[in-house]
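Report on one structure; see the data block that follows.
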Amino acid sequence: MIYINQLRNNIKQVAENLKQRGFELDVKTFEQLETERKTIQTKTEQLQAERNANAKAIGQAKTKGEDIQPLLEKVEHLGDELKVSEDKFRDIQEQLHQFLAAIPNVLDDSVPNGQSEEDNVEIRRWGEPTRFDFEPKDHVDLGERLGLMDFEMAAKLSGARFVVLYGALAKLQRALIQFMLDLHTMEHGYQEVYVPYLVNEASMFGTGQLPKFDNGFKLDFDPAYYLVPTAEVPVTNLVRDVILDVSDLPKKFVCHTACFRSESGSYGKDTRGMLRQHQFEKVEMVQIVKPEESEQILEGLTKNAETVLQKLKLSYRVVALCAGDIGFASAKTYDLEVWLPGQNRYREISSCSNFKDFQARRMKARFRDPKTGKIEYVHTLNGSGLAVGRTLIAIMENYQNKDGSIRIPEALQSYMGIETISV
RNA sequence: GGAGAGGUGGCUGAGUGGCCGAAAGCGGCGGUCUUGAAAACCGUUGAGCUCGCAAGGGCUCCGGGGGUUCGAAUCCCUCCCUCUCCGCCA
C-alpha cells in the first residue's frame, strides 16, 4: 500500500513514477476524496466530542442526584446527526482505502524504463548455453519417451495444464525440493517453514494479490479460502499485525509449497509441456528486514537463488525487469532465466523482488527501532529458489543424451541414488 | 458432527452500564544504590487517525460486524477464532 502522505505531498512525482509502469494515477479523484474526507472527519469528530462531553455530564449529574432531564433534552437530536455523519465518514474512508489499495508500488530509481519483457535489461550471464552434437529434444518428448511424464493422464484426471510424473521423474522433483531446502537452510542461513496451502482474504490482501489481481483459485467456503499462488503469501503474512523486535531482523524463511495459478489471461501461451501449469512446486525464500538493508539484501537473495543454478551447473542470465514488466507490489525485481535447449532460449526460473514497505503497510508488519523508540514498517523481499517444475525441465533438457536418457547433476546424485535416468 | 468454556495492552490476568485506554503482576525503558552486575526501591511504558508552525488539542480501538442506550470492554444479535470432552479420522 502506498503511503498516503506521499500522495498528499508529492502526488505529481508519484504519478510520474507510476506512469512508467503504465499506471495512470487519478489525481483528481484523490484530491476530491481527500477534501471530502477532511470535511466529514472534522465534523464527525466534533459531534463525537460533543456526545462524549454530554454523556460525561449526565453521568456526573446522576451520581450527584441532580435532575438530568434538561441535559437529556440537549442531546436529543445529536444521535441522529452523528449517525449520518459517521456513516458518511466510513463510506469516504472505504472509498479512499479502495483507491489506495489499487495503486501499485512506487518503482525504485534503478528500475530500467520500458514497456514489456523485451525491454528488460540483462545484468549478467553465467555459463554457456549447452551444446549438443545432436538435435536436442524438449522435456515433453524426453519425458514421454521415458514413459515417466503423462499429460494425457493429467488431462483425464483434471484438465489442461496439469501433469502426472512417474518413477525417476517424480523422484527427481522431490530430490530437487530437498536439495534446495538443504542448500538454503544449511548454507544460506534460512529457517525452513511449513505453511497452509489455503489462506484467507486478509493474507492475499497483505502481499498484494488482492483486491486487484484476483487471478487465483478462490474456494467456496465462508469466509473464502484461496489456494496459495506462491508460498510468498502465507510466509510473508507470518509477520502480519506483528511488531517485531529489532533483534529478530532480518528474518529469513525458506519454504516449499505447491503453487496454484489460474493462468487466466495466458491463453495459448506455453501450452506445451509443464512450463506453465495450474499446479507446480516451488521453493521460496522470504526475508523480513530493516528498511536501510533491503536494497543490499535483494542482491544477496538473488545470489542465493543463483547458487542453486550454479550447483546444478545450469546456464542462466540475470535480468532487471523494466518498469512495464514489474509486478504490482514490487519496487524492483530481478528475474533469473535458465537456458532451455528445447526452446533455444532463456526462460524465467526465479523472480527476486524487493517490496520495500509496500506489503508491510498492507500487513501492518512493523518493528520498534530501539534508537528512536519509534515503530516503523519493515521491508519485505522474496525470491524463488527455485521454481521446481521449471528446474526439472531445465535438467531434463540440458542433461539429455542422444538416446533420450538423462544424466543426474552431480549435486543431486546423493539424493537420487542413480547417475542416469535410462530409457 | 454433538456438548461446553473462552477471546481484554508485549505477556499473564482483573474488570457485568458512567469515576475504564482499561487494576495488578511480569516484561521493557530511565533512575537511585553498586567497582560492575544482581536484588531492592522510585519513575515511566499501547496502537492508529486527525487538527495545529509549534505548544497542545480532538477522535477511534477490549476478536470482526451490527444493535440497545444520553453513555458499552460490560447488555442483545450475528459471524470468526481458540480451548476441553465425545464421535469420526490421516
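Residues are named by chain letter and number: chains run A, B, ... in the order of the C-alpha cells, numbers start at 1 in each chain, and ligands are numbered from 1 in the order shown.
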Inset, instruction - Counting only C-alpha atoms (C1' of nucleotides), collect the residues of chain A whose closest atom lies at most 7 Å from chain B, and write them out as a ChimeraX atom specification. - result: /A:45,55-56,58-59,72,75
So that I have them on file, write out the residues from the current selection with all heavy atoms, as a compact mmCIF listing (two decimals), in the first residue's frame.
```txt
# COMPACT_ATOMS: atom_id res chain seq x y z
N GLU A 45 -15.91 14.10 14.17
CA GLU A 45 -15.18 14.08 15.44
C GLU A 45 -15.68 15.17 16.38
O GLU A 45 -15.67 14.99 17.60
CB GLU A 45 -13.68 14.19 15.17
CG GLU A 45 -13.16 12.90 14.53
CD GLU A 45 -11.65 12.88 14.32
OE1 GLU A 45 -10.99 13.89 14.61
OE2 GLU A 45 -11.16 11.84 13.87
N ALA A 55 -22.41 12.96 27.66
CA ALA A 55 -22.59 11.70 28.38
C ALA A 55 -21.90 11.77 29.73
O ALA A 55 -22.41 11.31 30.74
CB ALA A 55 -22.04 10.55 27.55
N LYS A 56 -20.74 12.39 29.72
CA LYS A 56 -19.98 12.53 30.95
C LYS A 56 -20.74 13.41 31.94
O LYS A 56 -20.85 13.09 33.13
CB LYS A 56 -18.61 13.14 30.63
CG LYS A 56 -17.56 12.83 31.67
CD LYS A 56 -16.17 13.20 31.15
CE LYS A 56 -15.09 12.59 32.03
NZ LYS A 56 -13.74 12.82 31.45
N ILE A 58 -23.90 13.98 32.08
CA ILE A 58 -25.08 13.27 32.58
C ILE A 58 -24.69 12.29 33.69
O ILE A 58 -25.34 12.21 34.73
CB ILE A 58 -25.80 12.51 31.44
CG1 ILE A 58 -26.45 13.53 30.48
CG2 ILE A 58 -26.84 11.56 31.99
CD1 ILE A 58 -27.00 12.93 29.21
N GLY A 59 -23.63 11.58 33.46
CA GLY A 59 -23.14 10.63 34.44
C GLY A 59 -22.83 11.31 35.77
O GLY A 59 -23.22 10.83 36.84
N LEU A 72 -30.61 15.70 28.98
CA LEU A 72 -31.10 14.72 28.01
C LEU A 72 -31.72 15.41 26.80
O LEU A 72 -31.53 15.00 25.66
CB LEU A 72 -32.12 13.79 28.65
CG LEU A 72 -31.56 12.70 29.58
CD1 LEU A 72 -32.67 11.89 30.21
CD2 LEU A 72 -30.60 11.79 28.82
N VAL A 75 -29.29 16.69 24.15
CA VAL A 75 -28.62 15.78 23.22
C VAL A 75 -29.60 14.99 22.37
O VAL A 75 -29.23 14.05 21.67
CB VAL A 75 -27.71 14.78 23.96
CG1 VAL A 75 -26.57 15.50 24.60
CG2 VAL A 75 -28.49 13.98 24.98
```
Taking only range 142-308 of chain A into account, list the residues labelled strand (DSSP E) by DSSP (computed from the backbone), as a short mmCIF file (atom, residue, chain, number, x, y, z; two decimals) with N, CA and C atoms, in the first residue's frame.
```cif
data_model
loop_
_atom_site.label_atom_id
_atom_site.label_comp_id
_atom_site.auth_asym_id
_atom_site.auth_seq_id
_atom_site.Cartn_x
_atom_site.Cartn_y
_atom_site.Cartn_z
N MET A 149 6.31 -39.20 -17.92
CA MET A 149 5.63 -37.90 -17.88
C MET A 149 4.39 -38.01 -18.76
N ASP A 150 3.21 -37.77 -18.15
CA ASP A 150 1.97 -38.07 -18.86
C ASP A 150 0.96 -36.93 -18.77
N VAL A 164 1.25 -35.53 -14.84
CA VAL A 164 1.49 -36.67 -13.96
C VAL A 164 2.93 -37.11 -14.20
N LEU A 165 3.68 -37.27 -13.12
CA LEU A 165 5.06 -37.75 -13.22
C LEU A 165 5.14 -39.11 -12.54
N GLN A 191 15.55 -20.21 7.70
CA GLN A 191 14.80 -21.15 8.53
C GLN A 191 13.70 -21.78 7.68
N GLU A 192 13.65 -23.10 7.72
CA GLU A 192 12.61 -23.78 6.97
C GLU A 192 11.27 -23.61 7.67
N LEU A 198 -3.94 -23.15 1.95
CA LEU A 198 -5.17 -22.36 1.81
C LEU A 198 -5.06 -21.17 2.74
N VAL A 199 -5.27 -19.99 2.21
CA VAL A 199 -5.16 -18.79 3.04
C VAL A 199 -6.43 -17.95 2.92
N PHE A 217 -7.18 -19.14 -7.28
CA PHE A 217 -8.29 -20.05 -7.04
C PHE A 217 -8.96 -19.72 -5.73
N LYS A 218 -10.20 -19.27 -5.82
CA LYS A 218 -10.97 -18.95 -4.63
C LYS A 218 -11.88 -20.13 -4.34
N LEU A 219 -11.80 -20.63 -3.13
CA LEU A 219 -12.60 -21.79 -2.76
C LEU A 219 -13.90 -21.36 -2.10
N TYR A 225 -11.56 -19.30 1.20
CA TYR A 225 -10.16 -19.67 1.19
C TYR A 225 -9.62 -19.45 -0.21
N TYR A 226 -8.33 -19.17 -0.28
CA TYR A 226 -7.65 -19.09 -1.57
C TYR A 226 -6.52 -20.10 -1.59
N LEU A 227 -6.39 -20.82 -2.69
CA LEU A 227 -5.23 -21.68 -2.87
C LEU A 227 -4.02 -20.78 -3.07
N VAL A 242 2.21 -7.77 13.35
CA VAL A 242 3.19 -8.05 14.38
C VAL A 242 4.14 -6.86 14.50
N ILE A 243 4.47 -6.51 15.75
CA ILE A 243 5.53 -5.54 15.97
C ILE A 243 6.75 -6.33 16.40
N LEU A 244 7.73 -6.40 15.51
CA LEU A 244 8.89 -7.24 15.73
C LEU A 244 9.93 -6.51 16.57
N ASP A 245 10.74 -7.31 17.25
CA ASP A 245 11.88 -6.75 17.93
C ASP A 245 13.00 -6.61 16.91
N LYS A 251 14.62 -11.56 9.31
CA LYS A 251 14.05 -12.89 9.38
C LYS A 251 14.20 -13.51 7.99
N LYS A 252 14.71 -14.74 7.95
CA LYS A 252 14.94 -15.40 6.67
C LYS A 252 14.21 -16.74 6.67
N PHE A 253 13.21 -16.85 5.82
CA PHE A 253 12.44 -18.10 5.73
C PHE A 253 12.64 -18.74 4.37
N VAL A 254 12.64 -20.07 4.37
CA VAL A 254 12.58 -20.80 3.11
C VAL A 254 11.46 -21.82 3.24
N CYS A 255 10.72 -21.97 2.18
CA CYS A 255 9.50 -22.77 2.27
C CYS A 255 9.19 -23.44 0.94
N HIS A 256 8.89 -24.73 1.01
CA HIS A 256 8.41 -25.41 -0.18
C HIS A 256 6.90 -25.51 -0.12
N THR A 257 6.24 -25.14 -1.18
CA THR A 257 4.80 -25.39 -1.29
C THR A 257 4.47 -25.76 -2.73
N ALA A 258 3.31 -26.36 -2.87
CA ALA A 258 2.70 -26.39 -4.19
C ALA A 258 2.15 -24.99 -4.43
N CYS A 259 2.09 -24.58 -5.69
CA CYS A 259 1.55 -23.27 -6.03
C CYS A 259 0.44 -23.47 -7.04
N PHE A 260 -0.61 -22.65 -6.90
CA PHE A 260 -1.78 -22.82 -7.76
C PHE A 260 -2.10 -21.52 -8.48
N GLN A 279 -0.80 -26.09 -11.35
CA GLN A 279 -0.20 -26.54 -10.08
C GLN A 279 1.26 -26.85 -10.30
N PHE A 280 2.11 -26.26 -9.48
CA PHE A 280 3.54 -26.58 -9.59
C PHE A 280 4.20 -26.42 -8.23
N GLU A 281 5.39 -27.00 -8.11
CA GLU A 281 6.12 -26.94 -6.85
C GLU A 281 7.11 -25.79 -6.90
N LYS A 282 7.28 -25.15 -5.76
CA LYS A 282 8.26 -24.06 -5.72
C LYS A 282 8.89 -24.00 -4.33
N VAL A 283 10.17 -23.67 -4.31
CA VAL A 283 10.84 -23.37 -3.05
C VAL A 283 11.04 -21.85 -3.03
N GLU A 284 10.56 -21.23 -1.98
CA GLU A 284 10.54 -19.77 -1.94
C GLU A 284 11.34 -19.25 -0.75
N MET A 285 12.13 -18.22 -1.01
CA MET A 285 12.84 -17.54 0.08
C MET A 285 12.10 -16.24 0.39
N VAL A 286 11.95 -15.96 1.67
CA VAL A 286 11.29 -14.72 2.09
C VAL A 286 12.15 -14.07 3.17
N GLN A 287 12.36 -12.77 3.05
CA GLN A 287 13.09 -12.07 4.11
C GLN A 287 12.32 -10.85 4.61
N ILE A 288 12.38 -10.68 5.92
CA ILE A 288 11.78 -9.52 6.58
C ILE A 288 12.94 -8.73 7.16
N VAL A 289 13.12 -7.50 6.70
CA VAL A 289 14.38 -6.81 7.01
C VAL A 289 14.17 -5.35 7.43
#
```
Legend entry - Which of range 4-233 of chain A fall in alpha helix (DSSP H), as JSON, numbers by chain: {"A": [4, 5, 6, 7, 8, 9, 10, 11, 12, 13, 14, 15, 16, 17, 18, 19, 20, 27, 28, 29, 30, 31, 32, 33, 34, 35, 36, 37, 38, 39, 40, 41, 42, 43, 44, 45, 46, 47, 48, 49, 50, 51, 52, 53, 54, 55, 56, 57, 58, 59, 60, 61, 62, 63, 69, 70, 71, 72, 73, 74, 78, 79, 80, 81, 82, 83, 84, 85, 86, 87, 88, 89, 90, 91, 92, 93, 94, 95, 96, 97, 98, 99, 100, 101, 139, 140, 141, 142, 143, 144, 145, 146, 151, 152, 153, 154, 155, 156, 157, 167, 168, 169, 170, 171, 172, 173, 174, 175, 176, 177, 178, 179, 180, 181, 182, 183, 184, 185, 186, 201, 202, 203, 204, 205, 206, 207, 232, 233]}
For C-alpha atoms, I'd like the residues from the last selection saved as a tab-separated table (two decimals), in the first residue's frame.
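What landed in part.tsv:
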```
chain	number	residue	atom	x	y	z
A	4	ILE	CA	-0.96	8.33	1.77
A	5	ASN	CA	1.27	11.23	2.76
A	6	GLN	CA	3.30	10.58	-0.37
A	7	LEU	CA	0.19	11.43	-2.33
A	8	ARG	CA	-0.63	14.43	-0.16
A	9	ASN	CA	2.82	15.91	-0.51
A	10	ASN	CA	4.27	14.66	-3.79
A	11	ILE	CA	1.42	13.48	-5.91
A	12	LYS	CA	2.97	14.77	-9.13
A	13	GLN	CA	6.19	12.84	-8.63
A	14	VAL	CA	4.33	9.69	-7.66
A	15	ALA	CA	2.09	9.96	-10.71
A	16	GLU	CA	5.13	10.31	-12.96
A	17	ASN	CA	6.80	7.33	-11.37
A	18	LEU	CA	3.72	5.15	-11.75
A	19	LYS	CA	3.23	6.26	-15.32
A	20	GLN	CA	6.45	4.44	-16.17
A	27	VAL	CA	-5.05	12.73	-9.21
A	28	LYS	CA	-8.37	14.49	-9.42
A	29	THR	CA	-10.28	11.71	-7.71
A	30	PHE	CA	-7.73	11.54	-4.95
A	31	GLU	CA	-7.85	15.23	-4.23
A	32	GLN	CA	-11.61	15.17	-4.27
A	33	LEU	CA	-11.74	12.26	-1.84
A	34	GLU	CA	-9.24	13.92	0.45
A	35	THR	CA	-11.17	17.19	0.57
A	36	GLU	CA	-14.35	15.35	1.37
A	37	ARG	CA	-12.64	13.22	3.96
A	38	LYS	CA	-11.25	16.24	5.73
A	39	THR	CA	-14.62	17.97	5.98
A	40	ILE	CA	-16.55	14.95	7.11
A	41	GLN	CA	-13.90	13.76	9.54
A	42	THR	CA	-13.74	17.12	11.28
A	43	LYS	CA	-17.49	17.24	11.56
A	44	THR	CA	-17.82	13.67	12.80
A	45	GLU	CA	-15.18	14.08	15.44
A	46	GLN	CA	-16.72	17.32	16.67
A	47	LEU	CA	-20.04	15.58	17.12
A	48	GLN	CA	-18.37	12.68	18.87
A	49	ALA	CA	-16.61	15.04	21.23
A	50	GLU	CA	-19.91	16.70	21.97
A	51	ARG	CA	-21.59	13.38	22.65
A	52	ASN	CA	-18.78	12.31	24.96
A	53	ALA	CA	-18.88	15.56	26.90
A	54	ASN	CA	-22.63	15.33	27.36
A	55	ALA	CA	-22.59	11.70	28.38
A	56	LYS	CA	-19.98	12.53	30.95
A	57	ALA	CA	-22.00	15.45	32.28
A	58	ILE	CA	-25.08	13.27	32.58
A	59	GLY	CA	-23.14	10.63	34.44
A	60	GLN	CA	-21.78	13.18	36.89
A	61	ALA	CA	-25.13	14.83	37.41
A	62	LYS	CA	-26.71	11.48	38.07
A	63	THR	CA	-24.22	10.47	40.75
A	69	GLN	CA	-33.76	15.86	32.17
A	70	PRO	CA	-32.51	19.20	30.76
A	71	LEU	CA	-29.24	17.53	29.74
A	72	LEU	CA	-31.10	14.72	28.01
A	73	GLU	CA	-33.12	17.21	26.01
A	74	LYS	CA	-29.92	18.89	24.93
A	78	LEU	CA	-27.30	14.66	18.44
A	79	GLY	CA	-27.55	10.92	17.95
A	80	ASP	CA	-29.18	11.05	14.55
A	81	GLU	CA	-26.90	13.72	13.26
A	82	LEU	CA	-23.88	11.80	14.46
A	83	LYS	CA	-25.04	8.59	12.85
A	84	VAL	CA	-25.44	10.24	9.47
A	85	SER	CA	-22.02	11.82	9.79
A	86	GLU	CA	-20.36	8.61	10.91
A	87	ASP	CA	-21.86	6.63	8.06
A	88	LYS	CA	-20.68	9.18	5.57
A	89	PHE	CA	-17.21	9.21	7.07
A	90	ARG	CA	-16.98	5.43	6.98
A	91	ASP	CA	-18.08	5.45	3.38
A	92	ILE	CA	-15.50	8.00	2.30
A	93	GLN	CA	-12.77	6.15	4.21
A	94	GLU	CA	-13.71	2.96	2.42
A	95	GLN	CA	-13.52	4.73	-0.91
A	96	LEU	CA	-10.11	6.13	-0.05
A	97	HIS	CA	-8.91	2.74	1.08
A	98	GLN	CA	-10.00	1.11	-2.14
A	99	PHE	CA	-8.39	3.86	-4.12
A	100	LEU	CA	-5.09	3.41	-2.30
A	101	ALA	CA	-5.24	-0.40	-2.36
A	139	HIS	CA	11.16	-32.10	-21.97
A	140	VAL	CA	7.83	-33.28	-23.36
A	141	ASP	CA	9.41	-35.59	-25.90
A	142	LEU	CA	12.01	-36.72	-23.40
A	143	GLY	CA	9.51	-37.36	-20.64
A	144	GLU	CA	7.04	-39.22	-22.78
A	145	ARG	CA	9.76	-41.32	-24.34
A	146	LEU	CA	10.87	-42.30	-20.85
A	151	PHE	CA	-0.07	-35.06	-19.89
A	152	GLU	CA	-2.96	-37.07	-21.25
A	153	MET	CA	-3.47	-38.80	-17.95
A	154	ALA	CA	-3.35	-35.42	-16.17
A	155	ALA	CA	-5.99	-34.13	-18.59
A	156	LYS	CA	-8.13	-37.11	-17.78
A	157	LEU	CA	-7.76	-36.60	-14.06
A	167	GLY	CA	9.17	-43.03	-11.08
A	168	ALA	CA	12.50	-41.33	-11.53
A	169	LEU	CA	10.99	-38.05	-12.71
A	170	ALA	CA	8.69	-37.83	-9.70
A	171	LYS	CA	11.67	-38.63	-7.54
A	172	LEU	CA	13.81	-36.06	-9.32
A	173	GLN	CA	11.29	-33.40	-8.46
A	174	ARG	CA	11.33	-34.49	-4.83
A	175	ALA	CA	15.13	-34.55	-4.85
A	176	LEU	CA	15.20	-31.01	-6.17
A	177	ILE	CA	12.96	-29.77	-3.37
A	178	GLN	CA	15.13	-31.49	-0.81
A	179	PHE	CA	18.32	-30.20	-2.36
A	180	MET	CA	17.10	-26.61	-2.48
A	181	LEU	CA	15.81	-26.62	1.08
A	182	ASP	CA	19.05	-28.12	2.35
A	183	LEU	CA	21.13	-25.57	0.49
A	184	HIS	CA	19.21	-22.57	1.77
A	185	THR	CA	18.94	-23.78	5.33
A	186	MET	CA	22.45	-25.14	5.75
A	201	GLU	CA	-8.53	-12.92	2.16
A	202	ALA	CA	-6.51	-10.84	4.61
A	203	SER	CA	-3.37	-12.78	3.71
A	204	MET	CA	-4.00	-12.36	-0.01
A	205	PHE	CA	-4.50	-8.65	0.51
A	206	GLY	CA	-1.38	-8.37	2.65
A	207	THR	CA	1.02	-9.43	-0.07
A	232	GLU	CA	5.18	-15.78	-0.52
A	233	VAL	CA	1.60	-15.27	0.63
```
Legend entry - Contact residues around range 391-401 of chain A with only C-alpha atoms (C1' of nucleotides) at 7 Å, ignoring same-chain residues under 4 positions, as an MDAnalysis selection string: chainID A and resid 130 137:139 173 340:342 387 405:407
Inset, instruction - With a distance cut-off of 12 Å and only C-alpha atoms (C1' of nucleotides), select the neighbouring residues of U84 in chain B, excluding the residue or stretch itself and same-chain residues fewer than 2 positions from it, and output the selection as a count of residues only. - result: 6
Inset, instruction - Please provide the set of residues having any atom within 10 Å of A73 in chain B, restricted to only C-alpha atoms (C1' of nucleotides), with same-chain residues fewer than 5 positions apart removed, written as a VMD selection string. - result: chain B and resid 8 15 to 16 20 22 62
Residues as selected, C-alpha atoms (C1' of nucleotides), written as a compact mmCIF listing (two decimals), in the first residue's frame, can you do that?
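Result file follows (result-v2.txt):
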```txt
# COMPACT_ATOMS: atom_id res chain seq x y z
C1' U B 8 -9.11 -7.65 27.23
C1' G B 15 -12.94 -5.62 35.16
C1' U B 16 -21.07 -7.09 34.18
C1' C B 20 -12.07 2.44 32.18
C1' A B 22 -8.61 -0.09 30.99
C1' C B 62 -11.02 -4.50 24.84
```
Inset, instruction - Name the residues in contact with Trp126 in chain A at a cut-off of 8 Å, using only C-alpha atoms (C1' of nucleotides), excluding same-chain residues fewer than 4 positions from it; report them as a VMD selection string. - result: chain A and resid 310 315 to 317
Could you save the residues just selected, with N, CA, C and O atoms, as a short mmCIF file (atom, residue, chain, number, x, y, z; two decimals), in the first residue's frame?
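The resulting file, part02.cif, is shown below:
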```cif
data_model
loop_
_atom_site.label_atom_id
_atom_site.label_comp_id
_atom_site.auth_asym_id
_atom_site.auth_seq_id
_atom_site.Cartn_x
_atom_site.Cartn_y
_atom_site.Cartn_z
N GLN A 310 23.90 -22.61 -10.14
CA GLN A 310 25.32 -22.89 -10.31
C GLN A 310 25.67 -24.29 -9.83
O GLN A 310 26.44 -25.00 -10.46
N SER A 315 23.12 -23.15 -17.04
CA SER A 315 23.48 -21.81 -17.50
C SER A 315 22.27 -20.88 -17.42
O SER A 315 21.13 -21.28 -17.70
N TYR A 316 22.53 -19.65 -17.02
CA TYR A 316 21.41 -18.71 -16.83
C TYR A 316 21.88 -17.28 -17.04
O TYR A 316 23.07 -17.01 -17.15
N ARG A 317 20.89 -16.38 -17.08
CA ARG A 317 21.23 -14.96 -17.05
C ARG A 317 20.31 -14.25 -16.05
O ARG A 317 19.24 -14.74 -15.71
#
```
Inset, instruction - Write out as a ChimeraX atom specification the residues lying within 8 Å of range 65-69 of chain B, counting only C-alpha atoms (C1' of nucleotides) and excluding same-chain residues fewer than 5 positions away. - result: /B:75-79
